[in-house]
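Structure file work.txt (compact mmCIF, C-alpha atoms and all ligand atoms) is printed below.
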# COMPACT_ATOMS: atom_id res chain seq x y z
CA MET A 270 0.00 0.00 0.00
CA SER A 271 2.97 2.30 0.50
CA GLU A 272 3.34 3.83 -2.95
CA LEU A 273 -0.10 4.23 -4.54
CA THR A 274 -1.85 5.77 -1.57
CA SER A 275 -2.02 9.39 -2.66
CA ASN A 276 -5.69 9.31 -3.69
CA LEU A 277 -6.77 7.24 -0.73
CA LEU A 278 -8.14 8.50 2.54
CA PRO A 279 -5.99 7.65 5.56
CA ALA A 280 -7.56 4.61 7.20
CA THR A 281 -8.82 4.55 10.75
CA ASN A 282 -6.49 2.31 12.76
CA GLU A 283 -7.66 -1.13 13.69
CA ASP A 284 -7.46 -1.69 17.43
CA THR A 285 -7.60 -4.59 19.84
CA CYS A 286 -11.01 -6.10 20.47
CA GLY A 287 -10.26 -6.06 24.19
CA PRO A 288 -11.37 -8.84 26.52
CA TYR A 289 -15.03 -7.83 26.69
CA PHE A 290 -16.60 -8.28 23.28
CA PRO A 291 -20.23 -8.52 24.39
CA ILE A 292 -21.66 -12.01 24.59
CA TYR A 293 -24.90 -10.05 24.15
CA PHE A 294 -24.01 -9.68 20.44
CA ALA A 295 -23.91 -13.44 19.88
CA ASP A 296 -25.97 -14.55 16.90
CA PRO A 297 -26.74 -18.30 16.97
CA ALA A 298 -27.43 -18.25 13.23
CA LEU A 299 -23.77 -17.34 12.65
CA GLU A 300 -22.41 -20.06 14.96
CA ASP A 301 -24.08 -22.85 13.00
CA LEU A 302 -24.53 -22.29 9.28
CA THR A 303 -26.61 -25.48 8.99
CA ARG A 304 -29.20 -24.11 11.41
CA PHE A 305 -32.61 -22.79 10.48
CA ASP A 306 -35.24 -21.08 12.52
CA PRO A 307 -37.92 -23.42 13.85
CA GLY A 308 -40.59 -24.20 11.29
CA VAL A 309 -38.59 -23.02 8.29
CA VAL A 310 -38.10 -25.40 5.38
CA GLY A 311 -34.70 -25.08 3.75
CA GLN A 312 -31.23 -26.45 4.14
CA ALA A 313 -27.72 -25.65 2.98
CA ALA A 314 -26.53 -28.24 0.47
CA GLY A 315 -23.48 -30.29 1.34
CA THR A 316 -21.88 -32.40 4.06
CA PRO A 317 -22.44 -31.00 7.55
CA ILE A 318 -19.27 -30.72 9.58
CA ILE A 319 -18.21 -29.59 13.02
CA LEU A 320 -14.89 -27.81 13.20
CA ARG A 321 -13.46 -28.10 16.69
CA GLY A 322 -10.29 -26.86 18.21
CA ARG A 323 -8.40 -24.53 20.48
CA VAL A 324 -6.90 -21.10 20.06
CA LEU A 325 -3.57 -21.10 21.91
CA ASP A 326 -1.19 -18.34 22.88
CA ARG A 327 2.63 -18.22 22.96
CA HIS A 328 2.73 -20.30 26.14
CA GLY A 329 0.29 -22.95 24.94
CA ASP A 330 -2.50 -21.51 27.08
CA LEU A 331 -6.00 -21.09 25.74
CA ALA A 332 -6.70 -17.62 24.34
CA ASN A 333 -9.86 -16.74 26.19
CA GLY A 334 -12.41 -14.30 24.82
CA ALA A 335 -11.33 -14.61 21.17
CA LEU A 336 -13.76 -13.67 18.42
CA LEU A 337 -13.56 -16.06 15.47
CA GLU A 338 -14.97 -15.34 12.03
CA PHE A 339 -15.29 -17.86 9.21
CA TRP A 340 -15.76 -17.39 5.47
CA GLN A 341 -16.16 -20.09 2.88
CA ALA A 342 -17.59 -21.21 -0.43
CA ASN A 343 -20.74 -23.33 -0.60
CA ALA A 344 -20.76 -27.06 -1.38
CA LYS A 345 -20.27 -26.29 -5.07
CA GLY A 346 -17.22 -24.13 -4.42
CA VAL A 347 -19.04 -20.82 -5.05
CA TYR A 348 -18.64 -17.83 -2.71
CA ARG A 349 -21.66 -15.63 -2.18
CA THR A 350 -20.30 -12.22 -3.20
CA PRO A 351 -21.47 -9.31 -5.36
CA ALA A 352 -19.52 -10.97 -8.19
CA THR A 353 -21.57 -14.20 -8.09
CA GLU A 354 -24.98 -12.62 -7.54
CA GLY A 355 -27.64 -14.41 -9.55
CA GLU A 356 -25.48 -17.37 -10.53
CA ASP A 357 -27.22 -20.75 -10.57
CA ASP A 358 -24.68 -22.34 -8.25
CA VAL A 359 -25.20 -19.82 -5.44
CA ASP A 360 -26.96 -21.68 -2.63
CA PRO A 361 -29.90 -19.56 -1.45
CA TRP A 362 -29.67 -21.21 1.98
CA PHE A 363 -25.98 -20.60 2.55
CA HIS A 364 -24.11 -17.29 2.79
CA GLY A 365 -20.82 -18.67 4.09
CA TYR A 366 -20.05 -16.14 6.88
CA GLY A 367 -19.88 -17.34 10.47
CA ARG A 368 -18.88 -15.80 13.77
CA LEU A 369 -18.54 -16.92 17.35
CA ARG A 370 -16.90 -15.74 20.53
CA THR A 371 -15.13 -18.38 22.56
CA ALA A 372 -15.06 -17.67 26.29
CA SER A 373 -12.41 -20.29 27.07
CA GLY A 374 -10.41 -20.36 23.84
CA ALA A 375 -11.87 -23.72 22.76
CA TYR A 376 -14.38 -23.56 19.94
CA GLY A 377 -16.86 -25.60 17.96
CA TYR A 378 -18.32 -24.31 14.70
CA ARG A 379 -20.94 -26.07 12.64
CA THR A 380 -21.08 -25.58 8.89
CA ILE A 381 -20.91 -27.57 5.67
CA LEU A 382 -17.74 -28.84 4.06
CA PRO A 383 -16.84 -26.20 1.48
CA GLY A 384 -16.55 -27.23 -2.16
CA ALA A 385 -13.43 -26.56 -4.20
CA ALA A 386 -13.32 -23.22 -5.99
CA PRO A 387 -11.49 -23.30 -9.35
CA GLY A 388 -7.79 -23.97 -8.80
CA ARG A 389 -8.24 -24.33 -5.04
CA ALA A 390 -8.64 -27.01 -2.43
CA PRO A 391 -11.67 -26.69 -0.14
CA ASN A 392 -10.91 -24.17 2.62
CA ILE A 393 -12.37 -21.85 5.21
CA THR A 394 -10.85 -18.41 5.84
CA LEU A 395 -10.46 -17.78 9.57
CA THR A 396 -10.18 -14.28 11.04
CA ILE A 397 -9.31 -13.91 14.71
CA PHE A 398 -9.94 -10.80 16.79
CA SER A 399 -8.91 -10.76 20.43
CA ASP A 400 -7.48 -8.75 23.27
CA GLY A 401 -3.90 -7.66 22.65
CA ILE A 402 -3.95 -7.92 18.84
CA ASN A 403 -5.60 -6.59 15.74
CA ARG A 404 -7.11 -9.07 13.29
CA ILE A 405 -5.06 -12.05 12.18
CA VAL A 406 -6.12 -14.22 9.26
CA THR A 407 -5.39 -17.70 7.94
CA GLN A 408 -7.06 -20.48 5.92
CA ILE A 409 -8.15 -23.91 7.13
CA PHE A 410 -7.93 -26.92 4.79
CA PHE A 411 -9.28 -30.45 5.24
CA GLU A 412 -7.39 -33.71 5.46
CA GLY A 413 -7.75 -36.02 2.49
CA GLN A 414 -9.22 -33.52 0.03
CA THR A 415 -8.13 -33.68 -3.57
CA GLY A 416 -6.43 -30.44 -4.44
CA ASN A 417 -4.49 -30.12 -1.19
CA ASP A 418 -1.31 -31.11 -3.06
CA THR A 419 -1.68 -28.31 -5.59
CA ASP A 420 -3.39 -25.54 -3.62
CA PRO A 421 -1.43 -22.28 -4.02
CA VAL A 422 -1.90 -21.22 -0.39
CA LEU A 423 -0.72 -24.57 0.98
CA LEU A 424 2.19 -24.58 -1.46
CA SER A 425 3.11 -21.04 -0.43
CA VAL A 426 3.79 -22.08 3.16
CA GLY A 427 5.92 -25.08 2.16
CA ALA A 428 6.73 -27.42 5.03
CA GLU A 429 4.27 -25.61 7.28
CA ALA A 430 1.28 -26.79 5.23
CA PRO A 431 0.25 -29.43 7.83
CA LYS A 432 -0.40 -26.58 10.29
CA LEU A 433 -3.23 -25.41 8.03
CA ILE A 434 -4.93 -28.80 7.54
CA ALA A 435 -7.77 -29.85 9.83
CA LYS A 436 -7.63 -33.52 10.79
CA HIS A 437 -10.67 -35.73 10.63
CA ASP A 438 -11.56 -36.85 14.13
CA GLY A 439 -12.47 -40.32 12.87
CA ARG A 440 -16.08 -40.00 13.92
CA THR A 441 -19.32 -38.18 13.41
CA ALA A 442 -21.35 -36.24 15.95
CA GLY A 443 -25.00 -35.35 15.51
CA GLY A 444 -24.81 -36.24 11.81
CA CYS A 445 -21.72 -34.07 11.27
CA GLU A 446 -18.22 -35.08 10.27
CA VAL A 447 -15.89 -33.83 12.99
CA TYR A 448 -12.65 -32.05 12.09
CA LEU A 449 -10.02 -30.78 14.52
CA PHE A 450 -8.04 -27.58 14.02
CA ASP A 451 -5.90 -25.81 16.61
CA VAL A 452 -4.54 -22.32 16.08
CA VAL A 453 -1.25 -21.24 17.66
CA MET A 454 -1.26 -17.46 17.72
CA ALA A 455 2.42 -16.99 18.54
CA GLY A 456 5.68 -18.72 19.34
CA PRO A 457 6.69 -22.37 18.89
CA GLY A 458 4.42 -24.08 16.38
CA GLU A 459 2.97 -20.73 15.31
CA THR A 460 0.25 -20.99 12.67
CA PRO A 461 1.09 -19.19 9.42
CA PHE A 462 -1.00 -16.01 9.15
CA PHE A 463 -1.58 -13.98 6.00
CA ASP A 464 -1.54 -10.26 5.27
CA ASP A 465 -5.08 -10.07 3.92
CA LEU A 466 -5.38 -6.29 4.13
CA GLU A 467 -2.32 -5.36 2.11
CA SER A 468 -1.00 -8.26 0.03
CA MET B 62 6.01 -5.01 -1.24
CA GLY B 63 8.81 -7.48 -0.57
CA LYS B 64 8.67 -11.19 0.15
CA HIS B 65 6.68 -10.85 3.31
CA GLY B 66 3.71 -8.95 4.59
CA ARG B 67 3.66 -6.81 7.69
CA VAL B 68 5.41 -7.65 10.91
CA LEU B 69 2.88 -7.08 13.68
CA GLY B 70 3.88 -4.85 16.57
CA ILE B 71 3.58 -5.90 20.19
CA GLY B 72 1.90 -3.34 22.42
CA PRO B 73 4.39 -2.12 25.05
CA THR B 74 3.37 -3.12 28.61
CA ASP B 75 0.51 -5.21 27.22
CA ASN B 76 0.92 -8.78 28.49
CA THR B 77 -1.85 -10.15 26.31
CA SER B 78 -0.28 -8.58 23.25
CA ASP B 79 2.97 -10.33 24.14
CA GLN B 80 1.16 -13.66 24.53
CA ARG B 81 -0.92 -13.42 21.36
CA THR B 82 0.92 -11.45 18.68
CA PRO B 83 2.32 -13.66 15.90
CA ARG B 84 6.13 -13.40 15.77
CA GLN B 85 6.57 -14.45 12.15
CA PRO B 86 6.04 -11.85 9.42
CA LEU B 87 2.63 -12.22 7.81
CA ARG B 88 2.66 -14.26 4.61
CA LEU B 89 1.74 -12.79 1.26
CA ILE B 90 -1.38 -14.21 -0.32
CA PRO B 91 -0.83 -15.84 -3.73
CA GLU B 92 -2.67 -13.68 -6.26
CA VAL B 93 -4.97 -16.50 -7.45
CA ALA B 94 -6.14 -16.96 -3.85
CA ARG B 95 -6.59 -13.27 -3.10
CA SER B 96 -10.37 -13.11 -3.54
CA SER B 97 -10.94 -16.08 -1.22
CA PHE B 98 -9.60 -14.01 1.68
CA VAL B 99 -12.32 -11.36 1.38
CA PRO B 100 -15.36 -12.21 3.49
CA VAL B 101 -18.63 -10.67 2.39
CA VAL B 102 -20.72 -10.23 5.50
CA PRO B 103 -24.42 -10.66 4.76
CA ALA B 104 -26.64 -7.72 5.70
CA ARG B 105 -27.65 -8.18 9.33
CA TYR B 106 -30.41 -6.12 10.85
CA VAL B 107 -29.98 -7.39 14.38
CA THR B 108 -30.61 -4.23 16.34
CA ASN B 109 -33.29 -3.33 18.81
CA PRO B 110 -34.95 0.03 18.22
CA HIS B 111 -33.72 1.58 21.49
CA GLU B 112 -30.12 0.42 21.22
CA TRP B 113 -28.90 3.65 19.63
CA ASP B 114 -29.40 5.28 23.07
CA MET B 115 -26.83 3.68 25.35
CA THR B 116 -27.31 6.36 28.01
CA ARG B 117 -30.14 4.26 29.48
CA THR B 118 -31.00 0.58 29.54
CA ALA B 119 -34.49 1.10 28.14
CA PRO B 120 -36.54 4.09 26.96
CA ASP B 121 -38.50 4.21 30.22
CA ARG B 122 -35.49 4.00 32.51
CA PRO B 123 -33.43 6.83 34.01
CA ARG B 124 -30.17 8.06 32.61
CA ALA B 125 -26.98 6.35 33.70
CA ASP B 126 -24.39 8.27 35.78
CA GLY B 127 -21.97 10.47 33.86
CA VAL B 128 -21.93 12.77 30.87
CA PRO B 129 -24.26 11.77 28.02
CA ILE B 130 -22.64 12.19 24.61
CA GLU B 131 -23.67 11.84 21.00
CA VAL B 132 -21.30 10.17 18.54
CA THR B 133 -21.90 10.60 14.82
CA GLY B 134 -19.87 9.85 11.75
CA ARG B 135 -19.64 8.34 8.34
CA VAL B 136 -18.22 4.95 7.42
CA CYS B 137 -16.45 4.78 4.08
CA THR B 138 -13.70 2.90 2.32
CA ALA B 139 -10.29 4.40 1.64
CA SER B 140 -11.49 5.35 -1.83
CA GLY B 141 -14.25 7.41 -0.22
CA ARG B 142 -17.16 5.14 -1.06
CA PRO B 143 -19.74 5.05 1.73
CA VAL B 144 -20.48 1.74 3.43
CA PRO B 145 -24.28 1.60 3.67
CA ASN B 146 -26.30 -0.79 5.85
CA ALA B 147 -23.24 -1.71 7.86
CA LEU B 148 -23.76 -3.00 11.37
CA LEU B 149 -21.96 -1.08 14.11
CA GLU B 150 -21.64 -2.99 17.35
CA ILE B 151 -20.63 -0.65 20.17
CA TRP B 152 -19.47 -1.40 23.70
CA SER B 153 -18.02 0.75 26.45
CA ALA B 154 -17.40 0.95 30.16
CA ASN B 155 -19.61 2.96 32.51
CA LEU B 156 -18.56 6.16 34.29
CA TYR B 157 -16.62 4.06 36.79
CA GLY B 158 -14.66 2.09 34.19
CA ARG B 159 -16.68 -1.12 34.58
CA TYR B 160 -18.09 -3.26 31.78
CA ARG B 161 -21.38 -5.05 32.30
CA HIS B 162 -19.70 -8.23 31.10
CA ILE B 163 -19.67 -11.46 33.09
CA GLU B 164 -15.89 -11.70 32.66
CA ASP B 165 -15.12 -8.21 34.03
CA HIS B 166 -13.85 -9.09 37.51
CA SER B 167 -12.38 -5.66 38.24
CA GLY B 168 -14.75 -5.05 41.12
CA LEU B 169 -15.34 -1.51 39.91
CA ARG B 170 -18.76 -0.02 40.49
CA LEU B 171 -21.67 -1.16 38.34
CA ASP B 172 -24.41 1.30 37.41
CA GLU B 173 -27.90 -0.20 37.31
CA ASN B 174 -28.83 2.22 34.55
CA HIS B 175 -25.92 1.37 32.28
CA LEU B 176 -25.70 -1.54 29.87
CA GLY B 177 -22.88 -0.24 27.67
CA MET B 178 -23.79 -2.28 24.57
CA GLY B 179 -25.65 -1.12 21.51
CA ARG B 180 -26.02 -1.66 17.79
CA VAL B 181 -26.85 0.73 14.99
CA LEU B 182 -26.88 0.54 11.19
CA THR B 183 -25.36 3.01 8.77
CA ASP B 184 -27.74 4.72 6.36
CA ASP B 185 -27.45 4.92 2.57
CA GLU B 186 -24.64 7.50 2.89
CA GLY B 187 -22.78 5.40 5.45
CA ARG B 188 -23.78 7.71 8.31
CA TYR B 189 -24.37 6.53 11.87
CA ARG B 190 -25.40 8.04 15.18
CA PHE B 191 -25.64 6.84 18.78
CA TRP B 192 -25.73 8.14 22.32
CA ALA B 193 -23.51 6.83 25.08
CA ILE B 194 -22.16 7.74 28.49
CA SER B 195 -18.68 9.19 28.33
CA PRO B 196 -16.82 6.16 29.69
CA GLY B 197 -14.43 6.08 32.61
CA ALA B 198 -10.77 5.21 32.28
CA TYR B 199 -9.70 2.05 34.07
CA LEU B 200 -6.51 0.75 35.58
CA ALA B 201 -5.32 -1.97 33.21
CA ARG B 202 -1.99 -2.75 34.89
CA PRO B 203 -2.23 -2.03 38.63
CA ASP B 204 1.32 -3.35 39.09
CA ILE B 205 2.83 -0.55 36.99
CA GLY B 206 0.02 1.99 37.29
CA ARG B 207 -0.92 1.97 33.61
CA TRP B 208 -4.46 3.06 32.77
CA ARG B 209 -6.53 2.44 29.71
CA PRO B 210 -7.65 5.87 28.53
CA LYS B 211 -11.37 6.32 28.08
CA HIS B 212 -12.50 4.73 24.85
CA ILE B 213 -15.49 3.29 23.04
CA HIS B 214 -15.15 -0.05 21.24
CA MET B 215 -16.69 -0.35 17.80
CA SER B 216 -17.03 -3.26 15.42
CA ILE B 217 -18.08 -2.46 11.86
CA SER B 218 -19.22 -5.10 9.39
CA GLY B 219 -20.88 -4.64 6.05
CA GLY B 220 -20.16 -6.22 2.70
CA ALA B 221 -16.40 -6.60 2.27
CA SER B 222 -15.73 -3.96 4.94
CA ARG B 223 -14.76 -5.27 8.35
CA MET B 224 -13.03 -3.48 11.19
CA ILE B 225 -12.75 -3.53 14.96
CA THR B 226 -11.49 -0.28 16.38
CA GLN B 227 -11.81 2.11 19.32
CA MET B 228 -12.71 5.78 19.51
CA TYR B 229 -10.59 7.74 21.98
CA PHE B 230 -11.13 11.21 23.47
CA PRO B 231 -8.99 14.31 22.95
CA ASP B 232 -6.50 15.51 25.56
CA GLU B 233 -6.86 12.53 27.85
CA PRO B 234 -3.84 12.13 30.12
CA ASN B 235 -3.61 8.37 29.54
CA ASN B 236 -3.70 8.45 25.74
CA ALA B 237 0.08 8.70 25.43
CA SER B 238 0.83 5.56 27.46
CA ASP B 239 -1.71 3.29 25.80
CA PRO B 240 0.04 0.31 24.14
CA MET B 241 -2.08 0.33 20.99
CA ALA B 242 -1.92 4.11 20.70
CA ILE B 243 1.88 3.84 20.89
CA LEU B 244 1.83 1.32 18.04
CA MET B 245 -0.34 3.68 15.97
CA GLY B 246 2.16 6.49 16.36
CA ASP B 247 1.09 9.76 14.73
CA ALA B 248 -1.86 7.96 13.13
CA PHE B 249 -3.43 7.67 16.62
CA GLU B 250 -4.96 11.08 15.96
CA ARG B 251 -7.37 9.46 13.47
CA ASN B 252 -8.89 7.41 16.27
CA ILE B 253 -9.79 10.42 18.40
CA GLY B 254 -13.36 11.69 18.22
CA LYS B 255 -13.62 15.36 17.19
CA PRO B 256 -15.61 17.43 19.69
CA ARG B 257 -18.53 19.37 18.25
CA ASP B 258 -21.53 21.25 19.51
CA PRO B 259 -24.20 18.70 20.40
CA GLY B 260 -26.85 21.07 19.10
CA GLY B 261 -30.34 20.90 20.51
CA THR B 262 -30.17 17.25 21.41
CA ASP B 263 -30.53 15.95 24.95
CA VAL B 264 -26.81 15.27 25.47
CA GLU B 265 -23.98 17.36 26.88
CA GLU B 266 -21.18 16.66 24.41
CA GLY B 267 -20.98 15.76 20.73
CA TYR B 268 -18.22 13.93 18.84
CA ASP B 269 -17.65 13.28 15.16
CA PHE B 270 -15.87 10.06 14.37
CA ASP B 271 -15.57 9.21 10.68
CA ILE B 272 -14.40 5.67 10.07
CA VAL B 273 -12.30 4.85 7.02
CA ILE B 274 -11.95 1.13 6.36
CA GLY B 275 -8.53 0.65 4.82
CA GLY B 276 -6.76 -2.24 3.16
CA ARG B 277 -7.63 -4.10 -0.01
CA ASN B 278 -10.53 -6.10 1.36
CA ALA B 279 -12.81 -3.12 1.77
CA THR B 280 -12.42 -2.07 -1.85
CA PHE B 281 -12.35 -5.53 -3.41
CA PHE B 282 -15.82 -5.43 -4.91
CA GLU B 283 -15.94 -1.72 -5.75
FE FE C 1 -12.12 -1.49 26.77
What would you get if you wrote out this structure as structure tokens?
Ligand SMILES: [Fe+3]
Amino acid sequence: MSELTSNLLPATNEDTCGPYFPIYFADPALEDLTRFDPGVVGQAAGTPIILRGRVLDRHGDLANGALLEFWQANAKGVYRTPATEGEDDVDPWFHGYGRLRTASGAYGYRTILPGAAPGRAPNITLTIFSDGINRIVTQIFFEGQTGNDTDPVLLSVGAEAPKLIAKHDGRTAGGCEVYLFDVVMAGPGETPFFDDLES
Amino acid sequence: MGKHGRVLGIGPTDNTSDQRTPRQPLRLIPEVARSSFVPVVPARYVTNPHEWDMTRTAPDRPRADGVPIEVTGRVCTASGRPVPNALLEIWSANLYGRYRHIEDHSGLRLDENHLGMGRVLTDDEGRYRFWAISPGAYLARPDIGRWRPKHIHMSISGGASRMITQMYFPDEPNNASDPMAILMGDAFERNIGKPRDPGGTDVEEGYDFDIVIGGRNATFFE
């Protein structure tokens, strides 16, 4: 951003979320993208999954009070964006954006397994807000998916690719495939994070 | 831009920042994957009609302790395009520096007339408005006597624009020692609300706080 900024307004600075993001703002519909209001007919297409894991700090302790946001394509690999509006493969029952606040640092998020977008392996973009930091962003991939070997994001992190791949838990829960994904915010075993705002 | 993205700063005297800030430089996103990193938040109209007035817990309840203020502003991208129908989630401490949050164990005084949480939407021009109690500062590090200056937390989400930030107040003695303000350097000034005449409204102080969502995400679908 350094050179071509002359016509741009100076951005407001991001700031830490602090420890007290209100639980009052929780939206159950964003914590489970397979959920529908009682009495409503309609269901996101695809394989329901539960993504479970822990957000850990530099000392291996749980990062309490973190706000996690998820973004993904639908089962056919199509993102719901202004660019895909009206396309046949947009799922009317799936927008792909999720959010939850974890009190302890452990989380469970229910969604559908994303499809593969062209040239990509199935993945979910994860944004973390918390006390002490501004946003940090990475992508979560899924064990055993075709395309993992050739995905440009996984290739870009080289030997660290396994840190971005959720492992199947070997079981189902409530009709969902269970995947496990821990995030290490800092220090030994640190998860690769990406510069989504500027790169 | 070189081989790496930004190196994130660690807020001085902020233990949590030390525990949670990634040490590796951020990685650059391969160009073919760039669009996949841009969440598009669906329009969410989850506000209650009275939530714009955070100076009381309900329309028929008394005012909370402290100075009632009005905060207004415009949300736009760095290219100046307004962000309409964005959801602003706002939270702040009461006059005594206490959050009405189950995890705030500070022991500071609660105010039965203060909730400190509200949500408003931006209009077609990206404008927003809410009332709040001018919050108290609170002692964040009793061991070294460092205070958090008074501030109002704001989360903005709408389309490809997403930001969590804080509005600070001018000429506060604790602004200079705040870890995140130190990291912002001279740009900290952008996060300070600009005092203005509150006009005929039923508040004592007015502040303008325009929010510019920077970075490539916010402009991706323009
Ligand atoms: Fe705060």
Taking only C-alpha atoms into account and nothing else, which residues of chain A lie no more than 6 Å away from chain B? Please answer as a short mmCIF file (atom, residue, chain, number, x, y, z; two decimals) with C-alpha atoms, in the coordinates of the input.
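As a result, iface34.cif now contains:
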data_model
loop_
_atom_site.label_atom_id
_atom_site.label_comp_id
_atom_site.auth_asym_id
_atom_site.auth_seq_id
_atom_site.Cartn_x
_atom_site.Cartn_y
_atom_site.Cartn_z
CA LEU A 277 -6.77 7.24 -0.73
CA LEU A 278 -8.14 8.50 2.54
CA ALA A 280 -7.56 4.61 7.20
CA THR A 281 -8.82 4.55 10.75
CA GLU A 283 -7.66 -1.13 13.69
CA ASP A 284 -7.46 -1.69 17.43
CA ASP A 326 -1.19 -18.34 22.88
CA ARG A 327 2.63 -18.22 22.96
CA TRP A 340 -15.76 -17.39 5.47
CA GLY A 401 -3.90 -7.66 22.65
CA ILE A 402 -3.95 -7.92 18.84
CA MET A 454 -1.26 -17.46 17.72
CA ALA A 455 2.42 -16.99 18.54
CA PHE A 462 -1.00 -16.01 9.15
CA PHE A 463 -1.58 -13.98 6.00
CA ASP A 464 -1.54 -10.26 5.27
CA LEU A 466 -5.38 -6.29 4.13
CA GLU A 467 -2.32 -5.36 2.11
CA SER A 468 -1.00 -8.26 0.03
#
* Can you tell me, as a list in words, what residues are no more than 9 Å from Gly315 in chain A when counting all atoms listed in the file, ignoring any on the same chain fewer than 2 positions away? ->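 Non-adjacent residues within range: Ala313, Pro317, Asn343, Ala344, Lys345, Ile381, Leu382, Pro383 and Gly384 of chain A.
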* To do: Enumerate as a ChimeraX atom specification the residues within 9 Å of ligand FE 1 (chain C), counting all atoms listed in the file.
  => /A:285-290 /B:152-154,158,160,198-199,209-214,227
So that I can see what lies close to Arg190 in chain B, please list as a PDB file with C-alpha atoms, keeping the file's coordinate frame the residues with an atom at most 9 Å from it, counting all atoms listed in the file and leaving out residues fewer than 6 positions away in the same chain.
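Below is the file part_17.pdb, written as the result:
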ATOM      1  CA  TRP B 113     -28.900   3.650  19.630  1.00  0.00           C
ATOM      2  CA  GLU B 131     -23.670  11.840  21.000  1.00  0.00           C
ATOM      3  CA  VAL B 132     -21.300  10.170  18.540  1.00  0.00           C
ATOM      4  CA  THR B 133     -21.900  10.600  14.820  1.00  0.00           C
ATOM      5  CA  GLY B 134     -19.870   9.850  11.750  1.00  0.00           C
ATOM      6  CA  ARG B 135     -19.640   8.340   8.340  1.00  0.00           C
ATOM      7  CA  VAL B 181     -26.850   0.730  14.990  1.00  0.00           C
ATOM      8  CA  LEU B 182     -26.880   0.540  11.190  1.00  0.00           C
ATOM      9  CA  THR B 183     -25.360   3.010   8.770  1.00  0.00           C
TER      10      THR B 183
END
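Across A:Arg368, A:Arg349, A:Lys432, A:His328, the tightest approach to Thr380 in chain A is made by A:Arg368 when counting all atoms listed in the file.
Rounded to one decimal, CA of Glu173 in chain B and CA of Asp263 in chain B lie 20.5 Å from each other.
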* To do: Starting from the point (-29.4, 2.8, 30.0), work out which residues of protein, DNA or RNA have an atom no more than 10 Å away when counting only C-alpha atoms; state them as a list in words.
  => His111, Glu112, Asp114, Met115, Thr116, Arg117, Thr118, Ala119, Pro120, Asp121, Arg122, Pro123, Arg124, Ala125, Asp126, Asp172, Glu173, Asn174, His175, Leu176, Gly177, Met178, Ala193 and Ile194 of chain B
